$ cat target-v6.pdb   # PDB, C-alpha atoms
ATOM      1  CA  MET A   1      15.833  35.847  27.899
ATOM      2  CA  SER A   2      16.086  39.633  27.715
ATOM      3  CA  ASN A   3      14.918  41.629  24.724
ATOM      4  CA  HIS A   4      18.338  42.596  23.435
ATOM      5  CA  ILE A   5      19.396  43.555  19.919
ATOM      6  CA  ASP A   6      23.147  43.470  19.328
ATOM      7  CA  THR A   7      24.015  44.839  15.884
ATOM      8  CA  THR A   8      27.769  44.236  16.179
ATOM      9  CA  LEU A   9      29.170  42.521  13.098
ATOM     10  CA  PRO A  10      30.171  38.970  14.151
ATOM     11  CA  ASP A  11      33.795  38.018  13.548
ATOM     12  CA  ASP A  12      32.648  35.117  11.351
ATOM     13  CA  PHE A  13      31.028  37.558   8.906
ATOM     14  CA  LYS A  14      33.787  40.191   8.667
ATOM     15  CA  HIS A  15      35.170  38.755   5.430
ATOM     16  CA  LEU A  16      31.694  38.886   3.883
ATOM     17  CA  LEU A  17      30.026  42.134   5.009
ATOM     18  CA  THR A  18      30.848  45.545   6.444
ATOM     19  CA  GLN A  19      29.314  46.695   9.713
ATOM     20  CA  GLN A  20      26.909  48.924   7.774
ATOM     21  CA  GLU A  21      25.862  46.078   5.467
ATOM     22  CA  TYR A  22      25.280  43.760   8.411
ATOM     23  CA  GLU A  23      23.040  46.356  10.059
ATOM     24  CA  GLN A  24      21.076  46.571   6.809
ATOM     25  CA  VAL A  25      20.625  42.790   6.766
ATOM     26  CA  LEU A  26      19.416  42.847  10.379
ATOM     27  CA  ARG A  27      16.936  45.640   9.645
ATOM     28  CA  LEU A  28      15.462  43.685   6.749
ATOM     29  CA  ALA A  29      15.273  40.497   8.827
ATOM     30  CA  LEU A  30      13.661  42.275  11.780
ATOM     31  CA  ASP A  31      11.170  43.951   9.439
ATOM     32  CA  TYR A  32      10.225  40.511   8.101
ATOM     33  CA  PHE A  33       9.397  39.201  11.572
ATOM     34  CA  ALA A  34       7.634  42.433  12.587
ATOM     35  CA  GLU A  35       5.338  42.242   9.550
ATOM     36  CA  ARG A  36       4.301  38.747  10.660
ATOM     37  CA  ASN A  37       3.903  39.697  14.337
ATOM     38  CA  PHE A  38       6.627  37.298  15.469
ATOM     39  CA  PRO A  39       8.319  39.007  18.454
ATOM     40  CA  VAL A  40      12.112  39.123  18.249
ATOM     41  CA  VAL A  41      13.434  38.216  21.678
ATOM     42  CA  GLN A  42      17.136  38.663  21.063
ATOM     43  CA  VAL A  43      19.778  39.228  18.408
ATOM     44  CA  THR A  44      23.339  38.331  19.312
ATOM     45  CA  ASP A  45      26.390  37.176  17.403
ATOM     46  CA  GLY A  46      24.584  36.392  14.159
ATOM     47  CA  VAL A  47      21.595  34.593  15.702
ATOM     48  CA  ILE A  48      18.032  35.939  15.833
ATOM     49  CA  VAL A  49      15.814  34.467  18.557
ATOM     50  CA  VAL A  50      12.095  34.721  17.783
ATOM     51  CA  ASP A  51       8.798  33.666  19.344
ATOM     52  CA  TYR A  52       7.574  31.934  16.202
ATOM     53  CA  GLU A  53       3.875  31.036  16.427
ATOM     54  CA  GLU A  54       3.677  28.634  19.411
ATOM     55  CA  LEU A  55       7.439  28.059  19.344
ATOM     56  CA  LYS A  56       9.267  29.970  22.076
ATOM     57  CA  ASP A  57      12.836  31.145  21.517
ATOM     58  CA  MET A  58      13.163  29.794  17.973
ATOM     59  CA  ARG A  59      16.743  30.390  16.788
ATOM     60  CA  PHE A  60      17.559  31.584  13.267
ATOM     61  CA  GLY A  61      21.292  31.584  12.502
ATOM     62  CA  LEU A  62      22.293  34.079   9.809
ATOM     63  CA  ASP A  63      25.399  32.239   8.617
ATOM     64  CA  ASN A  64      23.987  30.713   5.421
ATOM     65  CA  LEU A  65      21.881  33.787   4.640
ATOM     66  CA  VAL A  66      24.875  36.116   4.920
ATOM     67  CA  ARG A  67      26.958  33.904   2.624
ATOM     68  CA  THR A  68      24.156  33.948   0.057
ATOM     69  CA  ILE A  69      23.482  37.658  -0.016
ATOM     70  CA  ALA A  70      27.144  38.693   0.166
ATOM     71  CA  ALA A  71      27.468  37.594  -3.465
ATOM     72  CA  GLU A  72      24.397  39.577  -4.576
ATOM     73  CA  GLU A  73      23.604  43.239  -5.121
ATOM     74  CA  PRO A  74      21.970  45.008  -2.135
ATOM     75  CA  ALA A  75      18.875  45.655  -4.251
ATOM     76  CA  GLU A  76      18.285  41.875  -4.248
ATOM     77  CA  TRP A  77      18.634  41.492  -0.476
ATOM     78  CA  PRO A  78      15.014  42.102   0.595
ATOM     79  CA  ALA A  79      13.681  39.358  -1.685
ATOM     80  CA  LEU A  80      16.469  36.945  -0.735
ATOM     81  CA  ILE A  81      15.928  37.517   2.977
ATOM     82  CA  ARG A  82      12.191  36.980   2.613
ATOM     83  CA  GLN A  83      12.746  33.769   0.637
ATOM     84  CA  HIS A  84      15.239  32.542   3.237
ATOM     85  CA  PHE A  85      12.883  32.837   6.199
ATOM     86  CA  GLU A  86       9.820  31.650   4.292
ATOM     87  CA  ARG A  87      11.522  28.276   3.763
ATOM     88  CA  PHE A  88      11.041  27.587   7.448
ATOM     89  CA  LYS A  89       7.946  25.533   8.213
ATOM     90  CA  ASN A  90       6.427  24.962  11.609
ATOM     91  CA  HIS A  91       6.523  21.201  12.143
ATOM     92  CA  THR A  92       5.646  21.310  15.839
ATOM     93  CA  SER A  93       3.002  18.595  15.677
ATOM     94  CA  ALA A  94       5.317  16.315  13.698
ATOM     95  CA  TYR A  95       8.169  16.885  16.142
ATOM     96  CA  ASN A  96       5.882  16.131  19.075
ATOM     97  CA  TYR A  97       5.097  12.787  17.464
ATOM     98  CA  LEU A  98       8.749  12.072  16.702
ATOM     99  CA  PHE A  99       9.851  12.766  20.262
ATOM    100  CA  ALA A 100       7.170  10.372  21.495
ATOM    101  CA  ASP A 101       8.284   7.495  19.243
ATOM    102  CA  LEU A 102      11.992   6.808  18.794
ATOM    103  CA  GLY A 103      11.161   3.733  16.717
ATOM    104  CA  TYR A 104       9.808   6.047  14.029
ATOM    105  CA  ALA A 105      12.068   9.040  14.721
ATOM    106  CA  ARG A 106      15.333   7.114  14.426
ATOM    107  CA  GLN A 107      15.253   7.282  10.608
ATOM    108  CA  PHE A 108      15.489  11.092  10.781
ATOM    109  CA  LEU A 109      18.384  11.376  13.238
ATOM    110  CA  ARG A 110      21.623  12.857  11.913
ATOM    111  CA  VAL A 111      24.599  14.814  13.268
ATOM    112  CA  LEU A 112      25.980  18.181  12.192
ATOM    113  CA  ILE A 113      29.387  19.588  13.082
ATOM    114  CA  LYS A 114      29.490  23.254  14.033
ATOM    115  CA  SER A 115      32.339  25.506  15.066
ATOM    116  CA  GLU A 116      33.084  25.849  18.758
ATOM    117  CA  HIS A 117      31.971  29.458  18.448
ATOM    118  CA  PHE A 118      28.490  28.377  17.337
ATOM    119  CA  GLY A 119      28.429  25.577  19.890
ATOM    120  CA  ALA A 120      28.933  27.956  22.777
ATOM    121  CA  LYS A 121      25.407  29.250  22.128
ATOM    122  CA  GLY A 122      23.837  25.802  22.346
ATOM    123  CA  VAL A 123      24.450  24.741  25.926
ATOM    124  CA  ASN A 124      21.017  23.081  26.211
ATOM    125  CA  LEU A 125      21.384  21.204  22.948
ATOM    126  CA  VAL A 126      22.486  17.569  22.709
ATOM    127  CA  ARG A 127      26.101  17.791  21.630
ATOM    128  CA  ARG A 128      29.518  16.223  22.023
ATOM    129  CA  ARG A 129      33.064  16.817  20.790
ATOM    130  CA  ASP A 130      34.615  14.735  18.051
ATOM    131  CA  PHE A 131      36.918  17.286  16.416
ATOM    132  CA  PRO A 132      38.688  19.786  18.718
ATOM    133  CA  GLU A 133      37.274  23.323  18.546
ATOM    134  CA  THR A 134      33.930  22.024  17.253
ATOM    135  CA  TYR A 135      30.750  20.491  18.598
ATOM    136  CA  THR A 136      28.815  17.633  17.029
ATOM    137  CA  PHE A 137      25.070  18.247  17.383
ATOM    138  CA  LEU A 138      22.261  15.714  17.269
ATOM    139  CA  VAL A 139      19.600  16.871  14.798
ATOM    140  CA  ILE A 140      16.368  15.711  13.219
ATOM    141  CA  ASP A 141      16.517  15.971   9.426
ATOM    142  CA  PHE A 142      12.827  16.262   8.544
ATOM    143  CA  GLU A 143      11.224  17.820   5.455
ATOM    144  CA  SER A 144      14.528  19.383   4.338
ATOM    145  CA  GLN A 145      14.852  21.206   7.639
ATOM    146  CA  PHE A 146      17.155  20.620  10.593
ATOM    147  CA  ARG A 147      15.767  20.598  14.115
ATOM    148  CA  PHE A 148      18.489  20.655  16.771
ATOM    149  CA  VAL A 149      17.615  18.239  19.561
ATOM    150  CA  ASN A 150      17.740  19.667  23.074
ATOM    151  CA  GLN A 151      18.138  17.833  26.361
ATOM    152  CA  GLU A 152      14.412  17.862  27.132
ATOM    153  CA  ASP A 153      13.598  16.456  23.690
ATOM    154  CA  ALA A 154      16.094  13.623  24.045
ATOM    155  CA  ALA A 155      14.897  12.733  27.540
ATOM    156  CA  GLN A 156      11.531  11.728  26.083
ATOM    157  CA  TRP A 157      13.192   8.859  24.196
ATOM    158  CA  GLU A 158      14.509   7.349  27.432
ATOM    159  CA  VAL A 159      17.690   5.920  25.905
ATOM    160  CA  PRO A 160      21.332   6.919  26.529
ATOM    161  CA  ILE A 161      22.628   9.876  24.534
ATOM    162  CA  ASP A 162      25.473   7.721  23.206
ATOM    163  CA  GLU A 163      22.921   5.401  21.644
ATOM    164  CA  LEU A 164      21.200   8.316  19.915
ATOM    165  CA  PHE A 165      24.519   9.421  18.441
ATOM    166  CA  GLN A 166      25.208   5.907  17.181
ATOM    167  CA  ILE A 167      21.829   5.812  15.439
ATOM    168  CA  ALA A 168      22.477   9.225  13.888
ATOM    169  CA  LEU A 169      25.992   8.324  12.753
ATOM    170  CA  ALA A 170      24.728   5.123  11.115
ATOM    171  CA  ASN A 171      22.235   7.259   9.183
ATOM    172  CA  VAL A 172      24.988   9.675   8.140
ATOM    173  CA  ALA A 173      27.044   6.712   6.901
ATOM    174  CA  ALA A 174      24.174   5.844   4.566
ATOM    175  CA  GLU A 175      23.990   9.374   3.118
ATOM    176  CA  LYS A 176      25.107  10.046  -0.442
ATOM    177  CA  VAL A 177      28.632  11.458  -0.237
ATOM    178  CA  GLU A 178      30.668  12.058  -3.382
ATOM    179  CA  ILE A 179      34.166  10.680  -2.771
ATOM    180  CA  GLY A 180      37.038  11.655  -5.029
ATOM    181  CA  GLN A 181      40.561  10.271  -5.137
ATOM    182  CA  GLY A 182      43.407  12.112  -6.772
ATOM    183  CA  LYS A 183      46.702  13.887  -6.231
ATOM    184  CA  ILE A 184      47.302  17.420  -5.075
ATOM    185  CA  ALA A 185      50.184  19.193  -6.834
ATOM    186  CA  ASP A 186      50.259  16.110  -9.083
ATOM    187  CA  GLN A 187      52.121  14.034  -6.509
ATOM    188  CA  TYR A 188      50.489  13.827  -3.075
ATOM    189  CA  PRO A 189      47.428  11.574  -2.541
ATOM    190  CA  LEU A 190      44.264  13.416  -1.563
ATOM    191  CA  PHE A 191      40.705  12.227  -0.937
ATOM    192  CA  THR A 192      37.834  14.687  -1.262
ATOM    193  CA  PHE A 193      34.350  14.379   0.215
ATOM    194  CA  PHE A 194      31.389  16.448  -0.930
ATOM    195  CA  SER A 195      27.684  16.331  -0.104
ATOM    196  CA  SER A 196      24.915  18.794   0.554
ATOM    197  CA  ASP A 197      25.168  18.574   4.350
ATOM    198  CA  PHE A 198      27.098  15.618   5.726
ATOM    199  CA  ALA A 199      30.618  15.369   4.252
ATOM    200  CA  ALA A 200      32.245  16.546   7.486
ATOM    201  CA  SER A 201      29.951  14.418   9.660
ATOM    202  CA  TYR A 202      30.770  11.389   7.511
ATOM    203  CA  LEU A 203      34.357  11.475   8.793
ATOM    204  CA  ILE A 204      33.435  11.120  12.475
ATOM    205  CA  ASP A 205      33.203   7.325  12.145
ATOM    206  CA  PHE A 206      36.549   7.431  10.391
ATOM    207  CA  GLU A 207      37.577   3.791  10.434
ATOM    208  CA  LYS A 208      34.079   2.579   9.610
ATOM    209  CA  ASN A 209      33.499   4.947   6.712
ATOM    210  CA  VAL A 210      36.890   5.985   5.324
ATOM    211  CA  ASP A 211      39.535   3.505   6.491
ATOM    212  CA  PHE A 212      40.952   3.614   2.937
ATOM    213  CA  CYS A 213      42.256   7.103   3.805
ATOM    214  CA  LEU A 214      44.549   5.862   6.554
ATOM    215  CA  GLY A 215      48.277   6.095   6.028
ATOM    216  CA  GLU A 216      50.990   4.430   8.090
ATOM    217  CA  PHE A 217      50.900   7.383  10.473
ATOM    218  CA  GLY A 218      47.220   8.216  10.298
ATOM    219  CA  SER A 219      45.598  10.951   8.242
ATOM    220  CA  LEU A 220      45.644  14.704   7.730
ATOM    221  CA  VAL A 221      42.029  15.923   7.828
ATOM    222  CA  ALA A 222      40.264  19.223   7.113
ATOM    223  CA  ILE A 223      36.524  19.885   7.497
ATOM    224  CA  PRO A 224      36.060  23.488   6.299
ATOM    225  CA  ALA A 225      32.289  23.231   5.822
ATOM    226  CA  LYS A 226      29.461  20.802   6.460
ATOM    227  CA  GLY A 227      29.435  19.697   2.828
ATOM    228  CA  SER A 228      33.168  19.423   2.172
ATOM    229  CA  ALA A 229      36.145  17.585   3.649
ATOM    230  CA  PHE A 230      39.699  16.692   2.627
ATOM    231  CA  VAL A 231      41.909  13.804   3.766
ATOM    232  CA  HIS A 232      45.547  12.973   3.044
ATOM    233  CA  PRO A 233      47.020   9.631   4.195
ATOM    234  CA  ILE A 234      50.175  10.400   6.197
ATOM    235  CA  GLU A 235      53.135   8.267   5.172
ATOM    236  CA  ASP A 236      56.069  10.624   5.820
ATOM    237  CA  LEU A 237      57.126  14.228   6.484
ATOM    238  CA  THR A 238      55.621  15.442   3.199
ATOM    239  CA  ALA A 239      52.313  15.744   5.084
ATOM    240  CA  MET A 240      53.306  19.296   6.095
ATOM    241  CA  THR A 241      53.899  20.165   2.444
ATOM    242  CA  VAL A 242      50.413  18.879   1.637
ATOM    243  CA  LEU A 243      49.007  21.013   4.449
ATOM    244  CA  GLU A 244      50.645  24.153   3.057
ATOM    245  CA  ILE A 245      49.326  23.459  -0.440
ATOM    246  CA  LEU A 246      45.839  22.627   0.800
ATOM    247  CA  ALA A 247      45.482  25.529   3.262
ATOM    248  CA  PRO A 248      44.257  28.187   0.770
ATOM    249  CA  LEU A 249      41.568  25.809  -0.494
ATOM    250  CA  VAL A 250      40.436  25.069   3.059
ATOM    251  CA  VAL A 251      40.188  28.805   3.776
ATOM    252  CA  LYS A 252      38.160  29.356   0.592
ATOM    253  CA  PHE A 253      35.678  26.579   1.386
ATOM    254  CA  CYS A 254      35.271  27.718   4.986
ATOM    255  CA  GLU A 255      34.588  31.304   3.987
ATOM    256  CA  GLU A 256      32.365  30.694   0.969
ATOM    257  CA  GLU A 257      30.475  27.432   1.449
ATOM    258  CA  PRO A 258      27.222  27.113   3.460
ATOM    259  CA  GLY A 259      27.683  25.686   6.925
ATOM    260  CA  GLY A 260      31.282  26.823   7.330
ATOM    261  CA  ILE A 261      33.016  25.059  10.236
ATOM    262  CA  ASN A 262      36.655  26.126  10.547
ATOM    263  CA  MET A 263      40.035  26.344   8.817
ATOM    264  CA  ASN A 264      41.735  23.852  11.118
ATOM    265  CA  PHE A 265      43.744  20.799  10.205
ATOM    266  CA  TYR A 266      43.466  17.605  12.238
ATOM    267  CA  TRP A 267      45.523  14.479  12.697
ATOM    268  CA  TYR A 268      43.466  11.301  12.871
ATOM    269  CA  TRP A 269      45.385   8.650  14.750
ATOM    270  CA  GLN A 270      44.253   5.628  16.745
ATOM    271  CA  GLY A 271      40.612   6.586  17.070
ATOM    272  CA  ARG A 272      40.823  10.311  17.780
ATOM    273  CA  PHE A 273      41.285  13.657  16.056
ATOM    274  CA  GLU A 274      44.045  15.959  17.282
ATOM    275  CA  LEU A 275      44.421  19.580  16.275
ATOM    276  CA  PHE A 276      47.427  20.816  14.323
ATOM    277  CA  PRO A 277      48.490  23.752  16.555
ATOM    278  CA  ARG A 278      48.473  27.172  14.937
ATOM    279  CA  SER A 279      49.582  30.672  15.806
ATOM    280  CA  GLU A 280      47.715  33.620  14.321
ATOM    281  CA  VAL A 281      49.521  36.539  12.719
ATOM    282  CA  ASN A 282      47.759  39.874  12.207
ATOM    283  CA  GLY A 283      44.483  38.237  13.135
ATOM    284  CA  ARG A 284      44.221  36.328   9.866
ATOM    285  CA  SER A 285      47.281  34.471   8.675
ATOM    286  CA  PHE A 286      48.547  31.618  10.778
ATOM    287  CA  ASN A 287      51.505  29.318  11.062
ATOM    288  CA  ILE A 288      50.588  25.672  11.512
ATOM    289  CA  SER A 289      52.785  23.060  13.149
ATOM    290  CA  ALA A 290      52.378  19.318  13.488
ATOM    291  CA  PRO A 291      51.220  17.764  16.773
ATOM    292  CA  PRO A 292      54.278  16.775  18.852
ATOM    293  CA  ALA A 293      53.294  13.089  18.878
ATOM    294  CA  LEU A 294      53.129  13.057  15.073
ATOM    295  CA  ILE A 295      56.509  14.766  14.824
ATOM    296  CA  GLY A 296      57.913  12.088  17.101
ATOM    297  CA  LEU A 297      56.511   9.263  14.981
ATOM    298  CA  LEU A 298      57.732  10.748  11.726
ATOM    299  CA  SER A 299      61.159  11.555  13.133
ATOM    300  CA  MET A 300      61.606   7.989  14.366
ATOM    301  CA  ASN A 301      60.616   6.709  10.934
ATOM    302  CA  ASN A 302      63.003   9.108   9.221
ATOM    303  CA  ASN A 303      66.019   7.911  11.206
TER     304      ASN A 303
END
$ encode --input "target-v6.pdb" --output "structure tokens"
Amino acid sequence: MSNHIDTTLPDDFKHLLTQQEYEQVLRLALDYFAERNFPVVQVTDGVIVVDYEELKDMRFGLDNLVRTIAAEEPAEWPALIRQHFERFKNHTSAYNYLFADLGYARQFLRVLIKSEHFGAKGVNLVRRRDFPETYTFLVIDFESQFRFVNQEDAAQWEVPIDELFQIALANVAAEKVEIGQGKIADQYPLFTFFSSDFAASYLIDFEKNVDFCLGEFGSLVAIPAKGSAFVHPIEDLTAMTVLEILAPLVVKFCEEEPGGINMNFYWYWQGRFELFPRSEVNGRSFNISAPPALIGLLSMNNN
């Protein structure tokens, strides 16, 4: 990997920082690693790659850090950036043990959903698609820290990747997720899911975990951030009205919450998630339409 520092403000951060502010954040972050003699190998698209102690090419995504400091005064940034990176602990010896013993490691396996944009950087990581325009990553959740599992790591366990995902999804199903049931605009049913990290992941096993959210024609689903998700049971054409009402909230959660995923809406139907097509206007606003198959079902029901 070449030693390359790209200071261009990532698209994902443009609603949070200016180009000048982003460069300031990068300077402070690079100063932190320089003071500790951790060589920075590359900076690109909001990710700093560092040789961290004996760990080669350790990746530090700036997404959560940027969301934190964007709400604070610049004078507070140096301390916040230092605190952010000092949370990271080198668990190399523990990981080596975990990758040698799946029987013990299985309790720590989880999955995280990331945007397709993030996923494009992780070609060597163990991942799959559940929601369009995202990747679902296999991770180890150990000592309040996520370790993304790469192909070489997983090979040591000598079991199929599908089996690892099933173990991880069963663990996610056991996580504490706060589930709310109410009505949006005082008339349309809406289920909300909140947790620190796994609300979006909880919906992957939809019919195992949240079959109570299914309507006659499936469900309208949004996963704006790792810790938040919204589901509306689809019974009739009012689903598009619900989408319009819910859209500003989805945008807000995606932009402001840690672990933002996307502003998409999905249709869950017969075991799969399908994207509600959208067309962007002026690079920000977008018009959303229902998937053709859903339109067909609802039209038949309406006749």
$ residues_around --input "target-v6.pdb" --residues "segment 5-20 of chain A" --least-positions-apart "6" --cutoff "6 Å" --atoms "only C-alpha atoms" --output "PyMOL selection string"
chain A and resi 42-45+70
$ atom_distance --input "target-v6.pdb" --atom1 "atom CA of Ala239 of chain A" --atom2 "atom CA of Ser201 of chain A"
22.9 Å
$ resolve_selection --input "target-v6.pdb" --expression "the PyMOL selection byres ((chain A and resi 155) around 12)" --output "PyMOL selection string"
chain A and resi 99-102+125-126+149-154+156-161+164
$ atom_distance --input "target-v6.pdb" --atom1 "atom CA of Ala199 of chain A" --atom2 "atom CA of Ala170 of chain A"
13.7 Å
$ resolve_selection --input "target-v6.pdb" --expression "the PyMOL selection byres ((chain A and resi 205) around 10)" --output "MDAnalysis selection string"
chainID A and resid 130 166 169:170 172:173 201:204 206:211 271:272
$ atom_distance --input "target-v6.pdb" --atom1 "atom CA of Gln107 of chain A" --atom2 "atom CA of Phe137 of chain A"
16.2 Å
$ resolve_selection --input "target-v6.pdb" --expression "the PyMOL selection byres ((chain A and resi 245) around 12)" --output "MDAnalysis selection string"
chainID A and resid 183:188 190 232 238:244 246:251
$ decode --input "target-v6.pdb" --residues "segment 152-175 of chain A" --atoms "N, CA and C atoms" --output "compact mmCIF listing (two decimals), in the first residue's frame"
# COMPACT_ATOMS: atom_id res chain seq x y z
N GLU A 152 -8.47 -14.37 5.70
CA GLU A 152 -7.43 -15.20 6.30
C GLU A 152 -7.80 -15.60 7.73
N ASP A 153 -8.39 -14.66 8.46
CA ASP A 153 -8.85 -14.96 9.82
C ASP A 153 -9.86 -16.11 9.78
N ALA A 154 -10.87 -15.96 8.95
CA ALA A 154 -11.97 -16.92 8.90
C ALA A 154 -11.50 -18.30 8.46
N ALA A 155 -10.50 -18.33 7.60
CA ALA A 155 -10.00 -19.62 7.10
C ALA A 155 -9.45 -20.49 8.23
N GLN A 156 -8.97 -19.85 9.29
CA GLN A 156 -8.40 -20.60 10.41
C GLN A 156 -9.47 -21.43 11.13
N TRP A 157 -10.74 -21.01 11.03
CA TRP A 157 -11.80 -21.73 11.72
C TRP A 157 -12.26 -22.97 10.96
N GLU A 158 -11.94 -23.03 9.69
CA GLU A 158 -12.20 -24.22 8.87
C GLU A 158 -13.68 -24.64 8.87
N VAL A 159 -14.55 -23.66 8.82
CA VAL A 159 -15.99 -23.93 8.65
C VAL A 159 -16.50 -23.00 7.55
N PRO A 160 -17.61 -23.34 6.89
CA PRO A 160 -18.15 -22.48 5.84
C PRO A 160 -18.50 -21.09 6.35
N ILE A 161 -18.32 -20.10 5.49
CA ILE A 161 -18.64 -18.72 5.85
C ILE A 161 -20.11 -18.58 6.25
N ASP A 162 -20.98 -19.29 5.54
CA ASP A 162 -22.41 -19.22 5.87
C ASP A 162 -22.67 -19.63 7.31
N GLU A 163 -21.93 -20.61 7.78
CA GLU A 163 -22.10 -21.07 9.16
C GLU A 163 -21.66 -19.99 10.15
N LEU A 164 -20.59 -19.28 9.81
CA LEU A 164 -20.12 -18.20 10.68
C LEU A 164 -21.17 -17.09 10.78
N PHE A 165 -21.79 -16.78 9.64
CA PHE A 165 -22.84 -15.76 9.66
C PHE A 165 -24.04 -16.21 10.49
N GLN A 166 -24.38 -17.48 10.42
CA GLN A 166 -25.51 -17.97 11.21
C GLN A 166 -25.23 -17.89 12.70
N ILE A 167 -23.99 -18.18 13.09
CA ILE A 167 -23.61 -18.05 14.50
C ILE A 167 -23.72 -16.59 14.93
N ALA A 168 -23.19 -15.70 14.09
CA ALA A 168 -23.19 -14.27 14.41
C ALA A 168 -24.61 -13.72 14.48
N LEU A 169 -25.47 -14.13 13.56
CA LEU A 169 -26.84 -13.63 13.56
C LEU A 169 -27.63 -14.14 14.77
N ALA A 170 -27.34 -15.37 15.21
CA ALA A 170 -27.98 -15.88 16.42
C ALA A 170 -27.56 -15.05 17.63
N ASN A 171 -26.30 -14.62 17.66
CA ASN A 171 -25.83 -13.77 18.75
C ASN A 171 -26.49 -12.39 18.70
N VAL A 172 -26.65 -11.85 17.49
CA VAL A 172 -27.33 -10.56 17.35
C VAL A 172 -28.77 -10.65 17.84
N ALA A 173 -29.42 -11.78 17.53
CA ALA A 173 -30.81 -11.97 17.96
C ALA A 173 -30.96 -11.95 19.48
N ALA A 174 -29.88 -12.29 20.18
CA ALA A 174 -29.91 -12.30 21.64
C ALA A 174 -29.52 -10.96 22.25
N GLU A 175 -29.13 -9.99 21.41
CA GLU A 175 -28.74 -8.68 21.91
C GLU A 175 -29.96 -7.92 22.45
